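What follows is the content of my_file_19.pdb, which has PDB, C-alpha atoms, pLDDT in the B column:
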ATOM      1  CA  MET A 976       0.000   0.000   0.000  1.00 77.00           C
ATOM      2  CA  SER A 977       2.867   2.436   0.654  1.00 85.00           C
ATOM      3  CA  PRO A 978       4.809   2.394  -2.672  1.00 92.00           C
ATOM      4  CA  PRO A 979       2.564   5.025  -4.342  1.00 92.00           C
ATOM      5  CA  ALA A 980       3.498   7.517  -1.611  1.00 94.00           C
ATOM      6  CA  TRP A 981       7.208   6.879  -2.181  1.00 95.00           C
ATOM      7  CA  VAL A 982       6.793   7.275  -5.943  1.00 95.00           C
ATOM      8  CA  GLU A 983       4.925  10.529  -5.378  1.00 94.00           C
ATOM      9  CA  LEU A 984       7.793  11.757  -3.203  1.00 95.00           C
ATOM     10  CA  SER A 985      10.140  11.246  -6.143  1.00 95.00           C
ATOM     11  CA  ARG A 986       7.766  13.139  -8.411  1.00 92.00           C
ATOM     12  CA  GLN A 987       7.496  16.094  -6.051  1.00 95.00           C
ATOM     13  CA  THR A 988      11.143  16.296  -5.017  1.00 97.00           C
ATOM     14  CA  GLY A 989      12.823  15.221  -8.232  1.00 96.00           C
ATOM     15  CA  ASP A 990      14.848  12.699  -6.246  1.00 97.00           C
ATOM     16  CA  PRO A 991      14.538   9.239  -7.852  1.00 95.00           C
ATOM     17  CA  ARG A 992      15.750   7.395  -4.778  1.00 97.00           C
ATOM     18  CA  TYR A 993      12.304   7.283  -3.149  1.00 97.00           C
ATOM     19  CA  ALA A 994      10.735   5.501  -6.125  1.00 96.00           C
ATOM     20  CA  GLU A 995      13.752   3.238  -6.504  1.00 97.00           C
ATOM     21  CA  PHE A 996      13.445   2.194  -2.869  1.00 97.00           C
ATOM     22  CA  ALA A 997       9.701   1.576  -3.202  1.00 96.00           C
ATOM     23  CA  LEU A 998      10.050  -0.616  -6.265  1.00 97.00           C
ATOM     24  CA  LYS A 999      12.999  -2.525  -4.835  1.00 97.00           C
ATOM     25  CA  GLU A1000      11.037  -3.362  -1.690  1.00 97.00           C
ATOM     26  CA  PHE A1001       7.857  -4.146  -3.614  1.00 97.00           C
ATOM     27  CA  TRP A1002       9.613  -6.690  -5.822  1.00 98.00           C
ATOM     28  CA  ALA A1003      11.449  -8.196  -2.860  1.00 98.00           C
ATOM     29  CA  ALA A1004       8.100  -8.773  -1.139  1.00 97.00           C
ATOM     30  CA  THR A1005       6.596 -10.126  -4.352  1.00 98.00           C
ATOM     31  CA  ASP A1006       9.473 -12.535  -4.961  1.00 98.00           C
ATOM     32  CA  PHE A1007       8.997 -13.842  -1.416  1.00 98.00           C
ATOM     33  CA  LEU A1008       5.192 -13.961  -1.055  1.00 98.00           C
ATOM     34  CA  PHE A1009       3.674 -14.251  -4.536  1.00 98.00           C
ATOM     35  CA  ASP A1010       2.637 -17.763  -5.554  1.00 98.00           C
ATOM     36  CA  PRO A1011       3.418 -18.045  -9.293  1.00 98.00           C
ATOM     37  CA  VAL A1012       1.034 -20.982  -9.682  1.00 98.00           C
ATOM     38  CA  GLU A1013      -2.031 -19.466  -8.026  1.00 98.00           C
ATOM     39  CA  LYS A1014      -1.182 -15.828  -8.959  1.00 98.00           C
ATOM     40  CA  LEU A1015      -1.996 -14.722  -5.408  1.00 98.00           C
ATOM     41  CA  TYR A1016      -0.033 -13.494  -2.391  1.00 98.00           C
ATOM     42  CA  PHE A1017       0.487 -15.361   0.858  1.00 98.00           C
ATOM     43  CA  ARG A1018      -0.133 -13.206   3.939  1.00 97.00           C
ATOM     44  CA  ASP A1019       3.376 -14.038   5.195  1.00 97.00           C
ATOM     45  CA  SER A1020       5.751 -16.991   5.405  1.00 98.00           C
ATOM     46  CA  ARG A1021       3.695 -18.663   8.144  1.00 97.00           C
ATOM     47  CA  PHE A1022       1.163 -19.587   5.478  1.00 98.00           C
ATOM     48  CA  PHE A1023       3.498 -21.174   2.946  1.00 98.00           C
ATOM     49  CA  GLU A1024       2.738 -24.691   4.169  1.00 97.00           C
ATOM     50  CA  ARG A1025      -0.699 -24.211   5.733  1.00 97.00           C
ATOM     51  CA  ARG A1026      -3.697 -25.780   4.027  1.00 97.00           C
ATOM     52  CA  ASP A1027      -7.442 -25.853   4.615  1.00 95.00           C
ATOM     53  CA  ASP A1028      -9.367 -29.043   5.396  1.00 94.00           C
ATOM     54  CA  GLN A1029      -9.432 -29.868   1.689  1.00 95.00           C
ATOM     55  CA  GLY A1030      -5.703 -29.423   1.247  1.00 97.00           C
ATOM     56  CA  ARG A1031      -5.907 -26.030  -0.483  1.00 97.00           C
ATOM     57  CA  LYS A1032      -3.513 -23.149   0.055  1.00 98.00           C
ATOM     58  CA  LEU A1033      -4.736 -20.286   2.222  1.00 98.00           C
ATOM     59  CA  PHE A1034      -4.916 -16.935   0.469  1.00 98.00           C
ATOM     60  CA  TRP A1035      -6.613 -14.175   2.428  1.00 98.00           C
ATOM     61  CA  SER A1036      -9.067 -12.110   0.386  1.00 98.00           C
ATOM     62  CA  ARG A1037      -8.516  -8.773   2.122  1.00 98.00           C
ATOM     63  CA  GLY A1038      -4.745  -9.211   2.134  1.00 97.00           C
ATOM     64  CA  ASN A1039      -4.735  -9.820  -1.599  1.00 98.00           C
ATOM     65  CA  GLY A1040      -7.186  -6.961  -2.018  1.00 98.00           C
ATOM     66  CA  TRP A1041      -4.766  -4.548  -0.386  1.00 97.00           C
ATOM     67  CA  VAL A1042      -2.066  -5.690  -2.804  1.00 97.00           C
ATOM     68  CA  PHE A1043      -4.303  -5.591  -5.886  1.00 98.00           C
ATOM     69  CA  ALA A1044      -5.667  -2.118  -5.134  1.00 97.00           C
ATOM     70  CA  GLY A1045      -2.166  -1.010  -4.155  1.00 96.00           C
ATOM     71  CA  ILE A1046      -0.765  -2.062  -7.522  1.00 97.00           C
ATOM     72  CA  ALA A1047      -3.479  -0.041  -9.249  1.00 97.00           C
ATOM     73  CA  ASN A1048      -2.545   3.009  -7.196  1.00 96.00           C
ATOM     74  CA  LEU A1049       1.146   2.421  -7.823  1.00 96.00           C
ATOM     75  CA  LEU A1050       0.561   2.257 -11.572  1.00 96.00           C
ATOM     76  CA  ASP A1051      -1.353   5.527 -11.294  1.00 93.00           C
ATOM     77  CA  SER A1052       1.782   7.135  -9.849  1.00 92.00           C
ATOM     78  CA  LEU A1053       4.458   5.362 -11.894  1.00 94.00           C
ATOM     79  CA  PRO A1054       5.679   7.278 -14.958  1.00 92.00           C
ATOM     80  CA  ARG A1055       4.733   5.715 -18.276  1.00 93.00           C
ATOM     81  CA  ASP A1056       8.368   5.408 -19.289  1.00 94.00           C
ATOM     82  CA  ASN A1057       9.506   3.678 -16.101  1.00 94.00           C
ATOM     83  CA  PRO A1058      11.319   0.481 -17.181  1.00 95.00           C
ATOM     84  CA  GLN A1059       9.596  -1.524 -14.439  1.00 95.00           C
ATOM     85  CA  ARG A1060       6.115  -0.578 -15.567  1.00 97.00           C
ATOM     86  CA  PRO A1061       5.628  -3.512 -18.002  1.00 97.00           C
ATOM     87  CA  ARG A1062       6.429  -6.019 -15.251  1.00 98.00           C
ATOM     88  CA  MET A1063       4.032  -4.261 -12.890  1.00 98.00           C
ATOM     89  CA  GLU A1064       1.257  -4.242 -15.494  1.00 98.00           C
ATOM     90  CA  SER A1065       1.817  -7.939 -16.194  1.00 98.00           C
ATOM     91  CA  LEU A1066       1.519  -8.758 -12.482  1.00 98.00           C
ATOM     92  CA  PHE A1067      -1.672  -6.709 -12.245  1.00 98.00           C
ATOM     93  CA  LYS A1068      -3.241  -8.544 -15.181  1.00 98.00           C
ATOM     94  CA  GLU A1069      -2.248 -11.938 -13.786  1.00 98.00           C
ATOM     95  CA  MET A1070      -3.930 -11.167 -10.483  1.00 98.00           C
ATOM     96  CA  ALA A1071      -6.995  -9.743 -12.223  1.00 98.00           C
ATOM     97  CA  SER A1072      -7.455 -12.885 -14.283  1.00 98.00           C
ATOM     98  CA  LYS A1073      -7.154 -15.099 -11.225  1.00 98.00           C
ATOM     99  CA  LEU A1074      -9.556 -12.986  -9.170  1.00 98.00           C
ATOM    100  CA  ARG A1075     -12.140 -12.980 -11.935  1.00 98.00           C
ATOM    101  CA  SER A1076     -11.947 -16.775 -12.151  1.00 98.00           C
ATOM    102  CA  ILE A1077     -12.582 -17.317  -8.426  1.00 98.00           C
ATOM    103  CA  GLN A1078     -15.345 -14.778  -7.812  1.00 98.00           C
ATOM    104  CA  LYS A1079     -18.355 -16.513  -6.281  1.00 98.00           C
ATOM    105  CA  PRO A1080     -21.691 -16.592  -8.160  1.00 98.00           C
ATOM    106  CA  ASP A1081     -23.162 -14.223  -5.545  1.00 98.00           C
ATOM    107  CA  GLY A1082     -20.603 -11.553  -6.504  1.00 98.00           C
ATOM    108  CA  TYR A1083     -18.435 -11.777  -3.383  1.00 98.00           C
ATOM    109  CA  TRP A1084     -14.979 -13.231  -2.965  1.00 98.00           C
ATOM    110  CA  ALA A1085     -14.590 -15.766  -0.180  1.00 98.00           C
ATOM    111  CA  PRO A1086     -12.478 -14.773   2.866  1.00 98.00           C
ATOM    112  CA  SER A1087     -10.231 -17.693   1.906  1.00 98.00           C
ATOM    113  CA  LEU A1088     -10.020 -17.138  -1.828  1.00 98.00           C
ATOM    114  CA  LEU A1089      -9.668 -20.782  -2.856  1.00 98.00           C
ATOM    115  CA  GLY A1090     -12.375 -22.018  -0.448  1.00 97.00           C
ATOM    116  CA  PRO A1091     -15.687 -20.614  -1.685  1.00 97.00           C
ATOM    117  CA  GLU A1092     -18.083 -23.328  -0.548  1.00 94.00           C
ATOM    118  CA  ASN A1093     -20.332 -22.312   2.353  1.00 92.00           C
ATOM    119  CA  SER A1094     -18.387 -19.070   2.775  1.00 95.00           C
ATOM    120  CA  PRO A1095     -20.222 -15.963   4.004  1.00 95.00           C
ATOM    121  CA  PRO A1096     -20.368 -12.652   2.173  1.00 97.00           C
ATOM    122  CA  GLU A1097     -17.253 -10.547   2.847  1.00 98.00           C
ATOM    123  CA  THR A1098     -17.112  -6.920   1.809  1.00 98.00           C
ATOM    124  CA  SER A1099     -13.608  -5.638   2.549  1.00 98.00           C
ATOM    125  CA  GLY A1100     -11.791  -7.955   0.161  1.00 98.00           C
ATOM    126  CA  THR A1101     -14.620  -7.689  -2.351  1.00 98.00           C
ATOM    127  CA  GLY A1102     -14.421  -3.891  -2.275  1.00 98.00           C
ATOM    128  CA  PHE A1103     -10.719  -3.867  -3.043  1.00 98.00           C
ATOM    129  CA  HIS A1104     -11.114  -6.431  -5.846  1.00 98.00           C
ATOM    130  CA  VAL A1105     -13.960  -4.510  -7.481  1.00 98.00           C
ATOM    131  CA  TYR A1106     -11.926  -1.303  -7.315  1.00 98.00           C
ATOM    132  CA  GLY A1107      -8.881  -2.925  -8.889  1.00 98.00           C
ATOM    133  CA  LEU A1108     -10.858  -4.535 -11.706  1.00 98.00           C
ATOM    134  CA  ALA A1109     -12.691  -1.292 -12.450  1.00 98.00           C
ATOM    135  CA  TRP A1110      -9.414   0.642 -12.414  1.00 98.00           C
ATOM    136  CA  GLY A1111      -7.951  -1.844 -14.883  1.00 98.00           C
ATOM    137  CA  VAL A1112     -10.864  -1.401 -17.288  1.00 98.00           C
ATOM    138  CA  LYS A1113     -10.758   2.390 -16.961  1.00 98.00           C
ATOM    139  CA  ASN A1114      -7.046   2.465 -17.721  1.00 98.00           C
ATOM    140  CA  GLY A1115      -7.098   0.043 -20.625  1.00 98.00           C
ATOM    141  CA  LEU A1116      -5.279  -2.864 -18.966  1.00 98.00           C
ATOM    142  CA  LEU A1117      -8.366  -5.071 -18.776  1.00 98.00           C
ATOM    143  CA  ASP A1118     -10.947  -5.739 -21.483  1.00 98.00           C
ATOM    144  CA  ALA A1119     -14.367  -4.490 -20.431  1.00 98.00           C
ATOM    145  CA  ARG A1120     -16.017  -7.315 -22.359  1.00 97.00           C
ATOM    146  CA  GLU A1121     -14.258  -9.823 -20.112  1.00 98.00           C
ATOM    147  CA  TYR A1122     -14.362  -8.005 -16.786  1.00 98.00           C
ATOM    148  CA  ARG A1123     -17.467  -5.831 -16.680  1.00 98.00           C
ATOM    149  CA  ALA A1124     -19.720  -8.658 -15.484  1.00 98.00           C
ATOM    150  CA  ALA A1125     -17.396  -9.421 -12.552  1.00 98.00           C
ATOM    151  CA  ILE A1126     -17.288  -5.731 -11.641  1.00 98.00           C
ATOM    152  CA  ASP A1127     -21.048  -5.328 -11.821  1.00 98.00           C
ATOM    153  CA  ASN A1128     -21.697  -8.518  -9.854  1.00 98.00           C
ATOM    154  CA  GLY A1129     -19.206  -7.436  -7.199  1.00 98.00           C
ATOM    155  CA  TRP A1130     -20.705  -3.971  -6.916  1.00 98.00           C
ATOM    156  CA  ALA A1131     -24.220  -5.400  -6.626  1.00 98.00           C
ATOM    157  CA  ALA A1132     -22.986  -7.665  -3.834  1.00 98.00           C
ATOM    158  CA  LEU A1133     -21.434  -4.733  -2.005  1.00 98.00           C
ATOM    159  CA  THR A1134     -24.592  -2.658  -2.188  1.00 98.00           C
ATOM    160  CA  ARG A1135     -26.637  -5.566  -0.820  1.00 98.00           C
ATOM    161  CA  ALA A1136     -24.431  -5.477   2.266  1.00 98.00           C
ATOM    162  CA  VAL A1137     -25.482  -1.932   3.170  1.00 98.00           C
ATOM    163  CA  ALA A1138     -28.136  -2.024   5.895  1.00 97.00           C
ATOM    164  CA  SER A1139     -31.168   0.263   6.019  1.00 97.00           C
ATOM    165  CA  ASP A1140     -29.351   2.515   8.509  1.00 97.00           C
ATOM    166  CA  GLY A1141     -26.452   2.961   6.084  1.00 97.00           C
ATOM    167  CA  ARG A1142     -24.055   0.638   7.889  1.00 98.00           C
ATOM    168  CA  LEU A1143     -21.861  -1.611   5.739  1.00 98.00           C
ATOM    169  CA  GLY A1144     -21.961  -5.166   7.037  1.00 98.00           C
ATOM    170  CA  TRP A1145     -20.127  -8.415   6.424  1.00 98.00           C
ATOM    171  CA  VAL A1146     -16.687  -6.867   7.026  1.00 98.00           C
ATOM    172  CA  GLN A1147     -14.211  -9.416   8.354  1.00 98.00           C
ATOM    173  CA  GLN A1148     -12.769  -8.084  11.587  1.00 97.00           C
ATOM    174  CA  VAL A1149      -9.130  -7.178  12.262  1.00 97.00           C
ATOM    175  CA  SER A1150      -7.024 -10.248  11.567  1.00 96.00           C
ATOM    176  CA  ASP A1151      -4.170 -11.640   9.523  1.00 94.00           C
ATOM    177  CA  ARG A1152      -5.974 -14.569   7.871  1.00 96.00           C
ATOM    178  CA  PRO A1153      -9.366 -15.738   6.568  1.00 96.00           C
ATOM    179  CA  GLU A1154     -11.858 -15.978   9.426  1.00 95.00           C
ATOM    180  CA  ASN A1155     -15.567 -16.003  10.131  1.00 94.00           C
ATOM    181  CA  VAL A1156     -17.616 -12.898   9.415  1.00 97.00           C
ATOM    182  CA  ALA A1157     -21.158 -11.919  10.390  1.00 97.00           C
ATOM    183  CA  GLU A1158     -23.730  -9.587   8.893  1.00 97.00           C
ATOM    184  CA  ALA A1159     -23.367  -7.100  11.761  1.00 97.00           C
ATOM    185  CA  ASP A1160     -19.570  -6.899  11.450  1.00 98.00           C
ATOM    186  CA  THR A1161     -18.259  -3.576  10.186  1.00 97.00           C
ATOM    187  CA  GLN A1162     -14.993  -1.605  10.235  1.00 97.00           C
ATOM    188  CA  PHE A1163     -13.699   1.666   8.832  1.00 97.00           C
ATOM    189  CA  TYR A1164     -11.361  -0.093   6.407  1.00 97.00           C
ATOM    190  CA  GLY A1165     -14.340  -1.986   4.982  1.00 98.00           C
ATOM    191  CA  VAL A1166     -16.095   1.312   4.317  1.00 98.00           C
ATOM    192  CA  GLY A1167     -12.897   2.598   2.723  1.00 98.00           C
ATOM    193  CA  ALA A1168     -12.797  -0.380   0.373  1.00 98.00           C
ATOM    194  CA  PHE A1169     -16.474   0.168  -0.431  1.00 98.00           C
ATOM    195  CA  LEU A1170     -15.817   3.810  -1.326  1.00 98.00           C
ATOM    196  CA  LEU A1171     -12.848   2.844  -3.484  1.00 98.00           C
ATOM    197  CA  ALA A1172     -15.069   0.365  -5.322  1.00 98.00           C
ATOM    198  CA  ALA A1173     -17.714   3.054  -5.743  1.00 98.00           C
ATOM    199  CA  SER A1174     -15.168   5.436  -7.254  1.00 98.00           C
ATOM    200  CA  GLY A1175     -13.933   2.753  -9.642  1.00 98.00           C
ATOM    201  CA  VAL A1176     -17.409   1.754 -10.794  1.00 98.00           C
ATOM    202  CA  ALA A1177     -18.424   5.396 -11.243  1.00 98.00           C
ATOM    203  CA  ALA A1178     -15.349   6.015 -13.389  1.00 98.00           C
ATOM    204  CA  ILE A1179     -16.318   3.337 -15.910  1.00 98.00           C
ATOM    205  CA  SER A1180     -20.014   4.263 -15.869  1.00 93.00           C
ATOM    206  CA  GLU A1181     -19.610   7.856 -16.992  1.00 77.00           C
TER
END
Please express the file's structure as C-alpha cells.
Amino acid sequence: MSPPAWVELSRQTGDPRYAEFALKEFWAATDFLFDPVEKLYFRDSRFFERRDDQGRKLFWSRGNGWVFAGIANLLDSLPRDNPQRPRMESLFKEMASKLRSIQKPDGYWAPSLLGPENSPPETSGTGFHVYGLAWGVKNGLLDAREYRAAIDNGWAALTRAVASDGRLGWVQQVSDRPENVAEADTQFYGVGAFLLAASGVAAISE
C-alpha cells in the first residue's frame, strides 16, 4: 500500500531514490510472497505450508485486495516510461485474471479465496477487488467485455451489504488470515474499500 506515496515523493522532489526504494522493496516482497502458480499473495511466510481441510492453500481475500488495489494506485503514480512498468502491469493482469476466475456466483470473494463453498459474504476484500478490476478497465489494462460482469456482480454484492441505517456489514474483523464474518460486522477499512469500489465503478459508468 505504501509504494505510491514513495513514488509521489520522487515526483514532487525530483529525487529518484524514493521511487527506486519503493520498487525494490515491492519486488522483494513479491518474490517472497507471490505464488506463481495461483497468482496470489500469501499473507506471510507462516502460510506457505498451511492448508485448509481440503488441502488447499490459504490466500486471504482482504490481504490480496490490499495488494491488488495497491498495484493499481502504484501504476497511477508510476511514470509511463519507467522500465519496471511492463512487469508491474503484467503482475496486475495476472492477479486480475485469477480474481475474476474465483469470484463466487453471488458476486463476493470468499475470505479464503480458494475455499468458496459455504463461505459468508465478505465486503472488505470484495471492495478492493472490485476497485482494482474497475481501475484496470478504466485504464485500458483489462478488457471491459471480459471483466465488466465481474465488476457489476461485485458492486451489486457490495450494495446488498449496506443495511437500512447505512451501515456496511459483512466486514471481516481485524485479523491476519481468513476468518468467520457476520452480517453485523463492520470496520472503517471496509467502508474505505467500499468507497474505493464506488469510485472505480463510477469512473467506468460515466
Under the rule that all atoms listed in the file are counted, which of A:Lys1032, A:Asn1057, A:Gly1090, A:Gln1148 is the nearest residue to Pro991 of chain A? A:Asn1057
Of the candidates A:Leu984, A:Leu1171, A:Leu1089, A:Ala994, which shows the shortest atom-to-atom distance to Leu1015 of chain A, using only C-alpha atoms? A:Leu1089
Residue with the minimum atom-to-atom distance to Phe996 of chain A, picked from A:Gly1045, A:Gly1167, A:Gly1082, A:Pro978 with only C-alpha atoms counted, is A:Pro978
Let me have the centre and edge lengths in Å, one decimal, of the box along x, y and z around every listed atom of segment 1131-1145 of chain A with 8 Å of margin on each side, as JSON.
{"center_x": -25.6, "center_y": -2.7, "center_z": 0.9, "size_x": 27.0, "size_y": 27.4, "size_z": 31.1}
Please write the residues picked by the PyMOL selection byres ((chain A and resi 1110) around 12) on this file as a PyMOL selection string. chain A and resi 1043-1051+1067-1068+1071+1103-1109+1111-1119+1122-1123+1126+1171-1180
List, as a ChimeraX atom specification, every residue that the PyMOL selection byres ((chain A and resi 1157) around 9) selects in the file provided. /A:1095-1097,1144-1147,1155-1156,1158-1161
Export of the given selection (C-alpha atoms) as a PDB file, keeping the file's coordinate frame:
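Written output follows (selection-v4.pdb):
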ATOM      1  CA  PRO A1095     -20.222 -15.963   4.004  1.00 95.00           C
ATOM      2  CA  PRO A1096     -20.368 -12.652   2.173  1.00 97.00           C
ATOM      3  CA  GLU A1097     -17.253 -10.547   2.847  1.00 98.00           C
ATOM      4  CA  GLY A1144     -21.961  -5.166   7.037  1.00 98.00           C
ATOM      5  CA  TRP A1145     -20.127  -8.415   6.424  1.00 98.00           C
ATOM      6  CA  VAL A1146     -16.687  -6.867   7.026  1.00 98.00           C
ATOM      7  CA  GLN A1147     -14.211  -9.416   8.354  1.00 98.00           C
ATOM      8  CA  ASN A1155     -15.567 -16.003  10.131  1.00 94.00           C
ATOM      9  CA  VAL A1156     -17.616 -12.898   9.415  1.00 97.00           C
ATOM     10  CA  GLU A1158     -23.730  -9.587   8.893  1.00 97.00           C
ATOM     11  CA  ALA A1159     -23.367  -7.100  11.761  1.00 97.00           C
ATOM     12  CA  ASP A1160     -19.570  -6.899  11.450  1.00 98.00           C
ATOM     13  CA  THR A1161     -18.259  -3.576  10.186  1.00 97.00           C
TER      14      THR A1161
END
Using only C-alpha atoms for the distances, tell me which of A:Thr1098, A:Asn1039, A:Gln1059, A:Gln1029 is nearest to Arg1135 of chain A. A:Thr1098
Name the residues that the PyMOL selection byres ((chain A and resi 1151) around 9) picks from the file above, as a list of chain:residue names, using the file's chain letters and numbers.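 With the PyMOL selection byres ((chain A and resi 1151) around 9) on this model, the match is A:Arg1018, A:Trp1035, A:Gly1038, A:Val1149, A:Ser1150, A:Arg1152, A:Pro1153, A:Glu1154.
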To one decimal in Å, tell me the separation between atom CA of Trp1041 of chain A and atom CA of Met976 of chain A.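 Interatomic distance here is 6.6 Å.
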I'd like the neighbourhood of Ala1085 of chain A as a count of residues only, where a residue qualifies if any of its atoms comes within 6 Å (using only C-alpha atoms), though same-chain residues fewer than 3 positions away should be ignored. 3
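The shortest atom-to-atom distance to Pro1058 of chain A, with all atoms listed in the file taken into account, belongs to A:Glu995 out of A:Glu995, A:Asn1093, A:Val1012, A:Ser1076.
When atom CA of Arg1075 of chain A is paired with atom CA of Trp981 of chain A, their separation reads 29.4 Å.
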Please determine, counting all atoms listed in the file, which residue among A:Thr1005, A:Ser985, A:Ser1036, A:Thr1101 has the shortest atom-to-atom distance to Ala1136 of chain A. A:Thr1101
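For the pair atom CA of Phe1034 of chain A and atom CA of Asp1081 of chain A, the interatomic distance is 19.4 Å.
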